[in-house]
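Trainee: Right, I'll just put the structure down here and ask away after.
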Number of protein chains: 2
Amino acid sequence: MNATKVRAGSKPSGTTQTPPASPANPRHGLDRIDRAILRQLQTDASISNVALAAKVKLSAPACLRRVERLKESGLIRGVVALLDPKAAGAGMLVIIGVVLDRSTPESFAEFEKAAQKVAGCMECHVVTGEFDYFMVIRTRDSDSFNRLHAEQLLYLPGVRQIRSFMVLKEILSTTKFPL
Amino acid sequence: MNATKVRAGSKPSGTTQTPPASPANPRHGLDRIDRAILRQLQTDASISNVALAAKVKLSAPACLRRVERLKESGLIRGVVALLDPKAAGAGMLVIIGVVLDRSTPESFAEFEKAAQKVAGCMECHVVTGEFDYFMVIRTRDSDSFNRLHAEQLLYLPGVRQIRSFMVLKEILSTTKFPL
DNA sequence: CTTGAAATACTACTACG
DNA sequence: CGTAGTAGTATTTCAAG
């Protein structure tokens with residue numbers, strides 16, 4: 001359980017018997033195999049380790065060691081199941097822009113604390129521009145959003161204005177980062 | 001591999017010998033155990049099936065059958081690894097609002113096709129209000145975003161205006177739906 | 001249509017070369 | 001990193017509520 005750095009010192013000696021994977025690598029000390037592993041796990045992490053090892057052309061233990069290192073390093077933050085929004089009863093998506101009354105630290109802190117408790121709030125960020133915050137909220141339908149809007153959003157602390165952008169069509173929604 | 005409906009007709013007869021899990025359930029034919037499984041898998045899907053079974057107080061085979069059913073039904077859309085944005089070299093988050101030149105079906109279709117190919121585009125949605133689209137884009141830093149902005153975003157087909165909201169602080173970002 | 005118990009096949013994991 | 005061996009898990013089969 002020691003904090004091993006990812007790909008740290010994988011071949012310090014200059015013997016060059018068998019190149020580990022990729023001589024020089026573009027980012028973060030991740031070689032070609034690490035990136036292949038991450039691409040696969042970002043797409044489907046329910047794959048077994050032996051199957052993953054075969055895909056990246058590595059032995060099972062070596063592959064498992066890499067995955068564990070990627071987890072311990074924090075690069076892999078977790079493995080989760082993604083649900084179908086509609087099937088989960090959250091078929092409506094709304095993006096809302098929020099403007100606060102005053103731009104004081106207390107005002108921001110208070111709002112952020114309350115915003116995290118809003119049911120169905122998937123994202124909440126401080127932004128530059130004409131809004132102070134953007135929130136992304138999932139609800140069942142327009143009725144339940146109207147209820148949420150009237151009962152919770154309008155009562156968030158320090159809010160001057162809320163502008164709602166209802167999502168009519170979801171073109172793209174992914175959790176995958178380019179590697 | 002037949003298309004079994006989730007929890008369909010789980011107790012048609014009125015014998016009431018041993019209630020499978022929960023007599024009546026609020027949503028979608030999901031009983032209490034199904035929802036407990038989904039809550040766990042949305043939080044951490046790397047848990048073993050035996051551990052999951054113990055958590056929801058079920059035998060391992062019964063638990064596994066439920067998980068498979070939830071996958072086949074499409075409610076669980078997939079199991080993926082979530083990466084740390086900064087560690088993955090995508091520490092900057094930008095929300096952009098897009099207004100198109102003309103509101104024709106062709107114009108929308110052309111834009112959507114091109115938008116999906118934008119590197120680092122995590123979300124893209126048609127919205128109501130003063131914008132036609134909202135996009136959520138991840139990039140390495142402000143330099144790389146400026147490059148993306150100048151070289152790709154401004155050349156997306158049919159774009160009249162692009163408004164960028166840089167994210168200064170990520171308050172909340174989750175993939176978990178309330179159940 | 002469901003559950004749980006036992007048996008088998010496969011996988012994760014450890015030790016070592 | 002890979003090979004071989006062990007421990008534990010997933011998965012099937014089956015009987016029962």
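All residue names refer to the structure tokens as shown: chains lettered A, B, ... in order, residues numbered from 1 in each chain, ligands numbered from 1 in order.
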Specify as a PDB file with all heavy atoms, in the first residue's frame all residues of chain A found within 12 Å of chain C, counting only C-alpha atoms (C1' of nucleotides).
Mentor:
ATOM      1  N   ILE A  47     -15.076  -5.504 -18.238  1.00  0.00           N
ATOM      2  CA  ILE A  47     -14.205  -6.501 -18.856  1.00  0.00           C
ATOM      3  C   ILE A  47     -13.343  -7.153 -17.777  1.00  0.00           C
ATOM      4  O   ILE A  47     -12.941  -6.521 -16.816  1.00  0.00           O
ATOM      5  CB  ILE A  47     -13.324  -5.828 -19.938  1.00  0.00           C
ATOM      6  CG1 ILE A  47     -12.536  -6.855 -20.739  1.00  0.00           C
ATOM      7  CG2 ILE A  47     -12.405  -4.793 -19.310  1.00  0.00           C
ATOM      8  CD1 ILE A  47     -11.717  -6.230 -21.869  1.00  0.00           C
ATOM      9  N   SER A  48     -13.077  -8.445 -17.949  1.00  0.00           N
ATOM     10  CA  SER A  48     -12.231  -9.142 -16.975  1.00  0.00           C
ATOM     11  C   SER A  48     -10.782  -8.763 -17.204  1.00  0.00           C
ATOM     12  O   SER A  48     -10.408  -8.321 -18.297  1.00  0.00           O
ATOM     13  CB  SER A  48     -12.385 -10.648 -17.112  1.00  0.00           C
ATOM     14  OG  SER A  48     -11.727 -11.116 -18.272  1.00  0.00           O
ATOM     15  N   ASN A  49      -9.976  -8.962 -16.178  1.00  0.00           N
ATOM     16  CA  ASN A  49      -8.569  -8.574 -16.293  1.00  0.00           C
ATOM     17  C   ASN A  49      -7.834  -9.391 -17.342  1.00  0.00           C
ATOM     18  O   ASN A  49      -6.971  -8.870 -18.033  1.00  0.00           O
ATOM     19  CB  ASN A  49      -7.875  -8.729 -14.942  1.00  0.00           C
ATOM     20  CG  ASN A  49      -6.425  -8.326 -15.013  1.00  0.00           C
ATOM     21  OD1 ASN A  49      -6.104  -7.191 -15.332  1.00  0.00           O
ATOM     22  ND2 ASN A  49      -5.535  -9.272 -14.771  1.00  0.00           N
ATOM     23  N   VAL A  50      -8.177 -10.659 -17.468  1.00  0.00           N
ATOM     24  CA  VAL A  50      -7.501 -11.488 -18.469  1.00  0.00           C
ATOM     25  C   VAL A  50      -7.836 -11.009 -19.876  1.00  0.00           C
ATOM     26  O   VAL A  50      -6.967 -10.974 -20.757  1.00  0.00           O
ATOM     27  CB  VAL A  50      -7.864 -12.987 -18.312  1.00  0.00           C
ATOM     28  CG1 VAL A  50      -7.255 -13.544 -17.057  1.00  0.00           C
ATOM     29  CG2 VAL A  50      -9.347 -13.191 -18.330  1.00  0.00           C
ATOM     30  N   ALA A  51      -9.091 -10.638 -20.091  1.00  0.00           N
ATOM     31  CA  ALA A  51      -9.489 -10.137 -21.404  1.00  0.00           C
ATOM     32  C   ALA A  51      -8.814  -8.803 -21.696  1.00  0.00           C
ATOM     33  O   ALA A  51      -8.369  -8.546 -22.814  1.00  0.00           O
ATOM     34  CB  ALA A  51     -11.006  -9.993 -21.473  1.00  0.00           C
ATOM     35  N   ALA A  60      -1.587 -11.299 -17.631  1.00  0.00           N
ATOM     36  CA  ALA A  60      -2.626 -10.875 -16.696  1.00  0.00           C
ATOM     37  C   ALA A  60      -2.072 -10.174 -15.452  1.00  0.00           C
ATOM     38  O   ALA A  60      -2.572  -9.115 -15.074  1.00  0.00           O
ATOM     39  CB  ALA A  60      -3.493 -12.067 -16.299  1.00  0.00           C
ATOM     40  N   PRO A  61      -1.056 -10.722 -14.802  1.00  0.00           N
ATOM     41  CA  PRO A  61      -0.535 -10.049 -13.609  1.00  0.00           C
ATOM     42  C   PRO A  61       0.027  -8.665 -13.921  1.00  0.00           C
ATOM     43  O   PRO A  61      -0.196  -7.710 -13.177  1.00  0.00           O
ATOM     44  CB  PRO A  61       0.560 -10.990 -13.120  1.00  0.00           C
ATOM     45  CG  PRO A  61       0.201 -12.317 -13.672  1.00  0.00           C
ATOM     46  CD  PRO A  61      -0.420 -12.037 -14.997  1.00  0.00           C
ATOM     47  N   ALA A  62       0.749  -8.559 -15.017  1.00  0.00           N
ATOM     48  CA  ALA A  62       1.329  -7.268 -15.388  1.00  0.00           C
ATOM     49  C   ALA A  62       0.238  -6.242 -15.650  1.00  0.00           C
ATOM     50  O   ALA A  62       0.346  -5.076 -15.244  1.00  0.00           O
ATOM     51  CB  ALA A  62       2.205  -7.429 -16.627  1.00  0.00           C
ATOM     52  N   CYS A  63      -0.816  -6.692 -16.297  1.00  0.00           N
ATOM     53  CA  CYS A  63      -1.929  -5.789 -16.592  1.00  0.00           C
ATOM     54  C   CYS A  63      -2.607  -5.350 -15.299  1.00  0.00           C
ATOM     55  O   CYS A  63      -2.903  -4.172 -15.110  1.00  0.00           O
ATOM     56  CB  CYS A  63      -2.924  -6.508 -17.501  1.00  0.00           C
ATOM     57  SG  CYS A  63      -4.308  -5.491 -18.011  1.00  0.00           S
ATOM     58  N   LEU A  64      -2.805  -6.306 -14.411  1.00  0.00           N
ATOM     59  CA  LEU A  64      -3.449  -5.997 -13.135  1.00  0.00           C
ATOM     60  C   LEU A  64      -2.620  -5.011 -12.326  1.00  0.00           C
ATOM     61  O   LEU A  64      -3.151  -4.089 -11.711  1.00  0.00           O
ATOM     62  CB  LEU A  64      -3.660  -7.285 -12.332  1.00  0.00           C
ATOM     63  CG  LEU A  64      -4.547  -7.173 -11.105  1.00  0.00           C
ATOM     64  CD1 LEU A  64      -5.949  -6.765 -11.516  1.00  0.00           C
ATOM     65  CD2 LEU A  64      -4.587  -8.489 -10.358  1.00  0.00           C
ATOM     66  N   ARG A  65      -1.327  -5.188 -12.358  1.00  0.00           N
ATOM     67  CA  ARG A  65      -0.446  -4.260 -11.640  1.00  0.00           C
ATOM     68  C   ARG A  65      -0.589  -2.852 -12.180  1.00  0.00           C
ATOM     69  O   ARG A  65      -0.636  -1.881 -11.415  1.00  0.00           O
ATOM     70  CB  ARG A  65       1.014  -4.727 -11.767  1.00  0.00           C
ATOM     71  CG  ARG A  65       1.401  -5.789 -10.757  1.00  0.00           C
ATOM     72  CD  ARG A  65       2.910  -6.027 -10.746  1.00  0.00           C
ATOM     73  NE  ARG A  65       3.382  -6.713 -11.949  1.00  0.00           N
ATOM     74  CZ  ARG A  65       3.583  -8.031 -12.024  1.00  0.00           C
ATOM     75  NH1 ARG A  65       3.341  -8.796 -10.985  1.00  0.00           N
ATOM     76  NH2 ARG A  65       4.033  -8.583 -13.131  1.00  0.00           N
ATOM     77  N   GLU A  68      -3.940  -1.354 -11.039  1.00  0.00           N
ATOM     78  CA  GLU A  68      -3.891  -0.973  -9.630  1.00  0.00           C
ATOM     79  C   GLU A  68      -3.079   0.290  -9.414  1.00  0.00           C
ATOM     80  O   GLU A  68      -3.423   1.139  -8.599  1.00  0.00           O
ATOM     81  CB  GLU A  68      -3.319  -2.127  -8.805  1.00  0.00           C
ATOM     82  CG  GLU A  68      -4.390  -3.125  -8.418  1.00  0.00           C
ATOM     83  CD  GLU A  68      -3.804  -4.375  -7.811  1.00  0.00           C
ATOM     84  OE1 GLU A  68      -2.564  -4.464  -7.723  1.00  0.00           O
ATOM     85  OE2 GLU A  68      -4.590  -5.264  -7.437  1.00  0.00           O
TER      86      GLU A  68
END
Trainee: Once you count only C-alpha atoms (C1' of nucleotides), which residues of chain D turn out to be within 12 Å of chain B? Could you give them as a ChimeraX atom specification?
Mentor: /D:8-13,17
Trainee: Show me, as a PyMOL selection string, every residue of chain B with an atom at most 6 Å from chain A, counting only C-alpha atoms.
Mentor: chain B and resi 41-46+75-84+87+122-129+165-174
Trainee: Mind writing the picked residues with N, CA and C atoms as a compact mmCIF listing (two decimals), in the first residue's frame?
Mentor:
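Output below, filename part_23.txt:
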# COMPACT_ATOMS: atom_id res chain seq x y z
N LEU B 41 -23.87 0.36 -7.26
CA LEU B 41 -23.11 0.30 -8.51
C LEU B 41 -22.85 1.69 -9.08
N GLN B 42 -23.75 2.62 -8.80
CA GLN B 42 -23.52 4.00 -9.25
C GLN B 42 -22.38 4.64 -8.46
N THR B 43 -22.19 4.16 -7.23
CA THR B 43 -21.12 4.71 -6.38
C THR B 43 -19.81 3.99 -6.62
N ASP B 44 -19.87 2.66 -6.64
CA ASP B 44 -18.67 1.86 -6.86
C ASP B 44 -19.05 0.52 -7.46
N ALA B 45 -18.73 0.36 -8.72
CA ALA B 45 -19.09 -0.86 -9.42
C ALA B 45 -17.94 -1.86 -9.45
N SER B 46 -16.84 -1.53 -8.77
CA SER B 46 -15.71 -2.46 -8.75
C SER B 46 -15.87 -3.47 -7.62
N LEU B 75 -31.31 -0.42 -18.30
CA LEU B 75 -31.28 0.57 -17.22
C LEU B 75 -29.83 0.86 -16.83
N ILE B 76 -29.03 -0.19 -16.70
CA ILE B 76 -27.59 0.01 -16.57
C ILE B 76 -27.02 0.04 -17.97
N ARG B 77 -26.56 1.22 -18.36
CA ARG B 77 -26.12 1.41 -19.73
C ARG B 77 -24.68 0.92 -19.91
N GLY B 78 -23.96 0.87 -18.83
CA GLY B 78 -22.58 0.41 -18.92
C GLY B 78 -21.85 0.62 -17.62
N VAL B 79 -20.68 0.01 -17.54
CA VAL B 79 -19.81 0.19 -16.37
C VAL B 79 -18.50 0.76 -16.88
N VAL B 80 -18.12 1.91 -16.36
CA VAL B 80 -16.94 2.59 -16.89
C VAL B 80 -16.04 3.10 -15.77
N ALA B 81 -14.79 3.35 -16.11
CA ALA B 81 -13.87 3.99 -15.18
C ALA B 81 -13.94 5.50 -15.38
N LEU B 82 -14.00 6.22 -14.28
CA LEU B 82 -13.98 7.68 -14.34
C LEU B 82 -12.58 8.16 -14.01
N LEU B 83 -12.04 9.03 -14.86
CA LEU B 83 -10.68 9.52 -14.65
C LEU B 83 -10.69 10.87 -13.97
N ASP B 84 -9.58 11.16 -13.33
CA ASP B 84 -9.39 12.49 -12.75
C ASP B 84 -9.03 13.45 -13.88
N ALA B 87 -5.44 14.98 -13.84
CA ALA B 87 -4.43 13.96 -14.07
C ALA B 87 -4.45 13.45 -15.50
N MET B 122 -17.52 16.98 -24.13
CA MET B 122 -18.12 16.00 -23.24
C MET B 122 -19.64 15.97 -23.40
N GLU B 123 -20.22 17.15 -23.64
CA GLU B 123 -21.67 17.21 -23.80
C GLU B 123 -22.03 18.22 -24.87
N CYS B 124 -23.12 17.94 -25.55
CA CYS B 124 -23.65 18.85 -26.55
C CYS B 124 -25.15 18.66 -26.62
N HIS B 125 -25.90 19.74 -26.37
CA HIS B 125 -27.35 19.61 -26.30
C HIS B 125 -28.05 20.77 -26.98
N VAL B 126 -29.18 20.47 -27.60
CA VAL B 126 -30.07 21.50 -28.12
C VAL B 126 -30.87 22.05 -26.95
N VAL B 127 -30.91 23.39 -26.84
CA VAL B 127 -31.63 23.97 -25.71
C VAL B 127 -32.62 25.05 -26.15
N THR B 128 -33.54 25.34 -25.26
CA THR B 128 -34.44 26.47 -25.46
C THR B 128 -33.75 27.73 -24.96
N GLY B 129 -34.26 28.88 -25.34
CA GLY B 129 -33.71 30.13 -24.82
C GLY B 129 -32.85 30.85 -25.82
N PHE B 165 -18.09 30.31 -21.40
CA PHE B 165 -18.12 30.49 -19.94
C PHE B 165 -17.06 29.57 -19.36
N MET B 166 -15.94 30.13 -18.99
CA MET B 166 -14.87 29.34 -18.40
C MET B 166 -15.24 28.93 -16.99
N VAL B 167 -15.00 27.69 -16.66
CA VAL B 167 -15.29 27.22 -15.30
C VAL B 167 -14.12 27.53 -14.40
N LEU B 168 -14.37 28.33 -13.37
CA LEU B 168 -13.33 28.72 -12.43
C LEU B 168 -13.19 27.73 -11.29
N LYS B 169 -14.30 27.08 -10.96
CA LYS B 169 -14.29 26.16 -9.82
C LYS B 169 -15.40 25.13 -10.02
N GLU B 170 -15.02 23.86 -9.92
CA GLU B 170 -16.03 22.81 -10.07
C GLU B 170 -16.58 22.45 -8.70
N ILE B 171 -17.81 22.84 -8.48
CA ILE B 171 -18.43 22.61 -7.17
C ILE B 171 -18.93 21.19 -7.05
N LEU B 172 -19.58 20.72 -8.09
CA LEU B 172 -20.20 19.39 -8.05
C LEU B 172 -20.19 18.79 -9.44
N SER B 173 -19.83 17.52 -9.53
CA SER B 173 -19.87 16.81 -10.81
C SER B 173 -20.08 15.34 -10.52
N THR B 174 -21.26 14.85 -10.86
CA THR B 174 -21.58 13.47 -10.51
C THR B 174 -22.27 12.78 -11.66
Trainee: Between atom CA of Lys57 of chain A and atom CA of Ile33 of chain A, what distance in Å does the model show, to one decimal?
Mentor: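 Atom CA of Ile33 of chain A lies at a distance of 8.4 Å from atom CA of Lys57 of chain A.
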Trainee: Among segment 29-106 of chain A, which ones does DSSP place in helix (DSSP H, G or I), written as a short mmCIF file (atom, residue, chain, number, x, y, z; two decimals) with C-alpha atoms, in the first residue's frame?
Mentor:
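Printed below is part23.cif as written:
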data_model
loop_
_atom_site.label_atom_id
_atom_site.label_comp_id
_atom_site.auth_asym_id
_atom_site.auth_seq_id
_atom_site.Cartn_x
_atom_site.Cartn_y
_atom_site.Cartn_z
CA ARG A 32 1.10 3.32 -24.97
CA ILE A 33 -0.18 0.36 -22.95
CA ASP A 34 -1.38 2.53 -20.06
CA ARG A 35 -3.35 4.65 -22.48
CA ALA A 36 -4.81 1.57 -24.14
CA ILE A 37 -5.90 0.32 -20.73
CA LEU A 38 -7.49 3.66 -19.87
CA ARG A 39 -9.29 3.88 -23.19
CA GLN A 40 -10.73 0.43 -22.66
CA LEU A 41 -11.77 1.01 -19.05
CA GLN A 42 -13.36 4.33 -19.93
CA THR A 43 -15.45 2.51 -22.51
CA ASN A 49 -8.57 -8.57 -16.29
CA VAL A 50 -7.50 -11.49 -18.47
CA ALA A 51 -9.49 -10.14 -21.40
CA LEU A 52 -8.05 -6.69 -20.82
CA ALA A 53 -4.56 -8.14 -20.66
CA ALA A 54 -5.09 -9.89 -23.98
CA LYS A 55 -6.33 -6.68 -25.58
CA ALA A 60 -2.63 -10.87 -16.70
CA PRO A 61 -0.54 -10.05 -13.61
CA ALA A 62 1.33 -7.27 -15.39
CA CYS A 63 -1.93 -5.79 -16.59
CA LEU A 64 -3.45 -6.00 -13.13
CA ARG A 65 -0.45 -4.26 -11.64
CA ARG A 66 -0.84 -1.40 -14.07
CA VAL A 67 -4.54 -1.01 -13.36
CA GLU A 68 -3.89 -0.97 -9.63
CA ARG A 69 -1.17 1.60 -10.07
CA LEU A 70 -3.50 3.78 -12.11
CA LYS A 71 -6.08 3.55 -9.35
CA GLU A 72 -3.64 4.26 -6.56
CA PRO A 105 -17.22 35.09 -0.37
CA GLU A 106 -19.99 34.42 2.15
#
Trainee: May I have the residues within 10 Å of Val118 of chain B as a PyMOL selection string, using only C-alpha atoms (C1' of nucleotides) and disregarding those fewer than 5 positions away in the same chain?
Mentor: chain B and resi 113+137+148+152-153+156
Trainee: Please give the complete set of residues from chain B that DSSP, run on the backbone, assigns to strand (DSSP E or B), formatted as a PyMOL selection string.
Mentor: chain B and resi 27+30+76-83+92-100+121-127+133-139+159-173
Trainee: Pick the closest to Ser142 of chain A from A:Ala114, A:Met92, A:Ala109, A:Gln161: which is it, counting only C-alpha atoms?
Mentor: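 Going through A:Ala114, A:Met92, A:Ala109, A:Gln161 one by one, the smallest distance to Ser142 of chain A is for A:Met92.
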Trainee: Return the single residue from B:Val56, B:Glu110, B:Lys117, B:Val159 that is closest to Val98 of chain B, with distances computed using only C-alpha atoms.
Mentor: B:Val159
